[in-house]
Amino acid sequence: MDEKEGLFVFSAEEELVNTDLKVWKILTVEDDLDYQHALVNSLKELKAKEGYKYELLAANSVPEAALALSMHPDIALVFIDVVMEEDDSGLRLVNTIREVIGNAEMRIVLLTGQPGFAPETDVMKMLDIDEYWNKSDISAQKLESIVNSNMRTWQYISQITAAKQGLQLVLDASRSINSKHDMGSYSAAVLQELSNILKISEGGGILCSSNLDKGDNAMILTTNGCFNGMKGQKVDSNLLADMYDDFQLAIQEKRHVFSNQHSIFFFPATIAEGTHYITLVKSDNPISEENEYLLKVFSENVSSGFANISLLNRLTELAYTDVSLNLQNRNWLTREIKNMNVYEKSKMRLIIFDIYQFDEKAFTFGYDFCKKIIKLVHKSIVDVFSIYDPRIAIISNSSFGMLINVDFDIKDDIARFHNKQKYEIENVKQFIDVRVLELKLSCASNITPEKVISLAESSLNYMQVTQAKFILHTDEKTVAITRRYELMARLRTAISTKELRVALQPKMCLKTLKPIGFEALARWQLADGSFVNPEEFIELAETAGLINELDNVIFEKILQTINQLKNCGINLPIAFNASSYDLIEPSYFESIKSRIEEYKVSPSMLELEVTETQAISNYNFIKEALSRFMALGIKVSIDDFGTGYSSLAHINEIPSNAIKIDRYFVSNLEHNINNQYMIKMIISLAKQFDFKVIAEGVENEFEVQWLKQAGCEMAQGYFFAKPLFYDDLLIWLAQFDNADD
């Protein structure tokens, strides 16, 4: 794919597009550009069924596919090449779609040009895919058959999913009005929930009563929206206008009447009351067939005064039960927390049981096998804690949540899960590790019930590096995690508004003790004047997938600074840092190149710094990227040299001009003979391969003189200057204006 076209290729429309057509999206993930172009061209020739059109997207790698999936969660069908960047790239992408993203509706067709690498029988058993084809076997006719069959399947499954979501909406609405015990609040809740279902913003509703047997006119009991102010009036044609005829029809035939933008519900009287209730809802949105169905289901609950327990139980099963496992689900546990009062929450704690490395087991053994693991772990939890009257639910594909009173001493019971759980599945012994986290609800008193479980999961994931079997969540962890997510949200805003700043730390020539360049460092200052630790917000950016955007903002500010310094007669290069996320992204180089051209900056005024660990961990990708930058005229230096795990093996192969001795070796140089030896060895090695050497973290006169005598050419550190913002940098540079050469 031509890089100028972006990550995705959208199908061209040769005729005038009917904007009323519904879109079916198809994604192709293929690193063989010739084959992908042929596939896309063949797909363009296909005609969607009446009322629909195809939209084609293309990606040439797994990262590009991941971006496409995030931007287009409604993709219906995806063709994935098995072998791309790595031999199993396609297989891992399938696992990402099904397990990480959790998209069960998308239809997946695997393609292979190497059928012997991943045999069809093994792949179909191992992965949740729909079809698996050898590329050479797909003709135009076969492609049409594949697309048509999978589109039908996707449409059916999507409809079922939408229906389930709608049923949960109806269930929540029913529960809302079920809590009302007087006619005023009950009728108001009915209108409000009908408005919610129809997403009404400018319409409104009326609920009125009428005793037809006595010939009474309908009397308005409750109103909302555009009908506010009519309470207590009798219904007539002046009030209802074009709704009046349907209102009369509903009363005469004792049934519901649905029109394009209004609905009338007739609720017949019970024997005891003898009073009929009529609800009229005017919507500013056209009432779809799906909404009409939901309204009918909802009206069944209203009609019977929520006496229809069987319907409520059926909806409860769909909304609050994992049907495949027949276990109460996350929604149910959230509702249990939501229904607690303040005192109940103070006496309750949430225990999370997480099956360690569950995704790996699912990938290896398949869903049915892991389903048995889940049931056995659930049984173990029930067996151990049943005497405490727990409330247990499955809250993810690999973990359970349990609510239990804080007064019970369950230390010994939890300790049972510290050791590997032993199970026998299909006559095979399995040992399962279970991590346990305890969170007292009093630690999350200011957090909504919907986020309490997420807080516990975040704490569990945040502490995953410790590999602890038991984690006790504390108030301090709540504060830390809450601050972390608040910072993440603020960082997203700071990046989008380009609030981040650049500080420059001078690089000095040890021979002349004059500046020969600068290193640019990102700084984030909050509104209160405080600074966020760079290590913290850079890690947050990586976690949130914002690191590329952050680096782009900083690079743009570096180019602006170079031009500002040039206008002041200062022509010194500035080094910038690039993450491995940047360097393995194919479009990053072109982005840097276009920015340099836009700001009319000479590439020689820039130096790219990449850490040794980054360069080696993704060696093949990084080597190619660094070569392109050097060819452009940008110098490259290897940062933190000496801390990587393979320095000697790759030093002569990594494209670079200079190496930077890590501050670890410079600190305490006067009293650390080992560090002196290491630095001399690095300098000798650098000279052998014609690298320039710069030392980081220089803080005293002894270090300056020792490094100079050892043959080190350049240095930076607080002894010379801390990182300076632009105005302070100009003041610092003024001391060299009249200095002797």
# chains A, B, ... in the order shown; residues from 1 in each chain; ligands from 1
>>> residues_around(residues="range 697-705 of chain A", least_positions_apart="6", cutoff="6 Å", atoms="only C-alpha atoms", output="compact mmCIF listing (two decimals) with N, CA and C atoms, in the first residue's frame")
# COMPACT_ATOMS: atom_id res chain seq x y z
N ARG A 663 24.15 7.17 33.03
CA ARG A 663 24.50 7.88 34.26
C ARG A 663 24.86 6.91 35.39
N GLN A 716 27.02 15.67 29.52
CA GLN A 716 25.89 16.49 29.94
C GLN A 716 25.54 16.12 31.37
N GLY A 717 24.96 17.06 32.08
CA GLY A 717 24.60 16.79 33.47
C GLY A 717 24.41 18.07 34.24
N TYR A 718 24.00 17.95 35.48
CA TYR A 718 23.67 19.12 36.30
C TYR A 718 24.89 19.98 36.62
N PHE A 719 26.09 19.42 36.47
CA PHE A 719 27.28 20.23 36.69
C PHE A 719 27.31 21.40 35.70
>>> select_by_dssp(residues="range 437-651 of chain A", states="helix (DSSP H, G or I)", output="number ranges by chain")
A: 441-444, 449-462, 464-466, 475-496, 534-543, 547-567, 580-583, 586-599, 603-605, 612-617, 619-632, 647-650
>>> atom_distance(atom1="CA of Gln141 in chain A", atom2="CA of Asp31 in chain A")
23.5 Å
>>> closest_residue(among="A:Phe725, A:Phe621, A:Tyr664, A:Phe641", to="Pro506 in chain A", atoms="only C-alpha atoms")
A:Phe725
>>> atom_distance(atom1="CA of Pro534 in chain A", atom2="CA of Ser459 in chain A")
22.3 Å
>>> residues_around(residues="range 405-410 of chain A", least_positions_apart="6", cutoff="9 Å", atoms="only C-alpha atoms", output="list in words")
Glu344, Ser346, Lys347, Met348, Arg349, Leu350, Phe385, Tyr388, Asp389, Pro390 and Lys440 of chain A
>>> write_last_selection(atoms="all heavy atoms", output="mmCIF file, in the first residue's frame")
data_model
loop_
_atom_site.group_PDB
_atom_site.id
_atom_site.type_symbol
_atom_site.label_atom_id
_atom_site.label_comp_id
_atom_site.auth_asym_id
_atom_site.auth_seq_id
_atom_site.Cartn_x
_atom_site.Cartn_y
_atom_site.Cartn_z
ATOM 1 N N GLU A 344 -24.663 -0.937 54.765
ATOM 2 C CA GLU A 344 -24.385 -2.253 54.185
ATOM 3 C C GLU A 344 -23.031 -2.259 53.475
ATOM 4 O O GLU A 344 -22.272 -3.223 53.582
ATOM 5 C CB GLU A 344 -25.489 -2.634 53.201
ATOM 6 C CG GLU A 344 -26.812 -2.982 53.876
ATOM 7 C CD GLU A 344 -27.934 -3.204 52.876
ATOM 8 O OE1 GLU A 344 -27.985 -2.456 51.873
ATOM 9 O OE2 GLU A 344 -28.752 -4.107 53.105
ATOM 10 N N SER A 346 -20.463 -0.460 54.203
ATOM 11 C CA SER A 346 -19.389 -0.396 55.202
ATOM 12 C C SER A 346 -19.099 -1.762 55.810
ATOM 13 O O SER A 346 -18.030 -1.975 56.391
ATOM 14 C CB SER A 346 -19.755 0.595 56.313
ATOM 15 O OG SER A 346 -20.820 0.088 57.106
ATOM 16 N N LYS A 347 -20.052 -2.694 55.671
ATOM 17 C CA LYS A 347 -19.897 -4.019 56.265
ATOM 18 C C LYS A 347 -19.588 -5.091 55.216
ATOM 19 O O LYS A 347 -19.632 -6.281 55.514
ATOM 20 C CB LYS A 347 -21.176 -4.413 57.011
ATOM 21 C CG LYS A 347 -21.580 -3.458 58.124
ATOM 22 C CD LYS A 347 -20.581 -3.479 59.277
ATOM 23 C CE LYS A 347 -20.632 -4.776 60.041
ATOM 24 N NZ LYS A 347 -19.691 -4.776 61.195
ATOM 25 N N MET A 348 -19.293 -4.659 54.001
ATOM 26 C CA MET A 348 -19.139 -5.630 52.921
ATOM 27 C C MET A 348 -17.778 -5.471 52.246
ATOM 28 O O MET A 348 -17.197 -4.393 52.207
ATOM 29 C CB MET A 348 -20.260 -5.444 51.894
ATOM 30 C CG MET A 348 -20.488 -6.648 50.994
ATOM 31 S SD MET A 348 -21.042 -8.132 51.871
ATOM 32 C CE MET A 348 -22.597 -7.559 52.544
ATOM 33 N N ARG A 349 -17.260 -6.564 51.726
ATOM 34 C CA ARG A 349 -16.013 -6.537 50.961
ATOM 35 C C ARG A 349 -16.194 -7.347 49.678
ATOM 36 O O ARG A 349 -17.024 -8.259 49.603
ATOM 37 C CB ARG A 349 -14.863 -7.111 51.779
ATOM 38 C CG ARG A 349 -15.108 -8.515 52.282
ATOM 39 C CD ARG A 349 -14.009 -8.976 53.222
ATOM 40 N NE ARG A 349 -14.496 -10.018 54.134
ATOM 41 C CZ ARG A 349 -13.752 -10.589 55.078
ATOM 42 N NH1 ARG A 349 -12.499 -10.212 55.240
ATOM 43 N NH2 ARG A 349 -14.255 -11.507 55.872
ATOM 44 N N LEU A 350 -15.392 -6.973 48.693
ATOM 45 C CA LEU A 350 -15.413 -7.650 47.396
ATOM 46 C C LEU A 350 -14.141 -8.477 47.262
ATOM 47 O O LEU A 350 -13.038 -7.958 47.433
ATOM 48 C CB LEU A 350 -15.498 -6.616 46.269
ATOM 49 C CG LEU A 350 -15.351 -7.135 44.835
ATOM 50 C CD1 LEU A 350 -16.516 -8.056 44.474
ATOM 51 C CD2 LEU A 350 -15.266 -5.971 43.849
ATOM 52 N N PHE A 385 -16.770 -21.101 50.659
ATOM 53 C CA PHE A 385 -17.352 -19.914 51.278
ATOM 54 C C PHE A 385 -18.866 -19.979 51.480
ATOM 55 O O PHE A 385 -19.459 -19.000 51.932
ATOM 56 C CB PHE A 385 -17.020 -18.676 50.429
ATOM 57 C CG PHE A 385 -15.557 -18.353 50.363
ATOM 58 C CD1 PHE A 385 -14.783 -18.790 49.303
ATOM 59 C CD2 PHE A 385 -14.948 -17.627 51.387
ATOM 60 C CE1 PHE A 385 -13.429 -18.499 49.240
ATOM 61 C CE2 PHE A 385 -13.597 -17.330 51.330
ATOM 62 C CZ PHE A 385 -12.833 -17.777 50.263
ATOM 63 N N TYR A 388 -20.726 -18.617 54.573
ATOM 64 C CA TYR A 388 -20.754 -17.179 54.862
ATOM 65 C C TYR A 388 -21.833 -16.435 54.073
ATOM 66 O O TYR A 388 -21.849 -15.204 54.061
ATOM 67 C CB TYR A 388 -19.383 -16.553 54.542
ATOM 68 C CG TYR A 388 -18.228 -17.233 55.248
ATOM 69 C CD1 TYR A 388 -17.216 -17.858 54.514
ATOM 70 C CD2 TYR A 388 -18.144 -17.254 56.644
ATOM 71 C CE1 TYR A 388 -16.149 -18.480 55.147
ATOM 72 C CE2 TYR A 388 -17.077 -17.880 57.285
ATOM 73 C CZ TYR A 388 -16.084 -18.495 56.531
ATOM 74 O OH TYR A 388 -15.036 -19.110 57.174
ATOM 75 N N ASP A 389 -22.691 -17.174 53.404
ATOM 76 C CA ASP A 389 -23.759 -16.570 52.611
ATOM 77 C C ASP A 389 -23.204 -15.574 51.586
ATOM 78 O O ASP A 389 -23.581 -14.401 51.552
ATOM 79 C CB ASP A 389 -24.770 -15.860 53.523
ATOM 80 C CG ASP A 389 -26.043 -15.468 52.766
ATOM 81 O OD1 ASP A 389 -26.358 -16.125 51.760
ATOM 82 O OD2 ASP A 389 -26.709 -14.504 53.180
ATOM 83 N N PRO A 390 -22.302 -16.025 50.721
ATOM 84 C CA PRO A 390 -21.680 -15.104 49.758
ATOM 85 C C PRO A 390 -22.585 -14.832 48.566
ATOM 86 O O PRO A 390 -23.531 -15.585 48.289
ATOM 87 C CB PRO A 390 -20.438 -15.874 49.310
ATOM 88 C CG PRO A 390 -20.891 -17.306 49.337
ATOM 89 C CD PRO A 390 -21.835 -17.411 50.523
ATOM 90 N N LYS A 440 -12.311 -3.843 50.506
ATOM 91 C CA LYS A 440 -13.445 -3.446 51.336
ATOM 92 C C LYS A 440 -14.192 -2.320 50.623
ATOM 93 O O LYS A 440 -13.573 -1.371 50.139
ATOM 94 C CB LYS A 440 -12.968 -2.993 52.712
ATOM 95 C CG LYS A 440 -12.378 -4.113 53.556
ATOM 96 C CD LYS A 440 -11.950 -3.612 54.935
ATOM 97 C CE LYS A 440 -11.370 -4.755 55.760
ATOM 98 N NZ LYS A 440 -10.919 -4.302 57.094
#
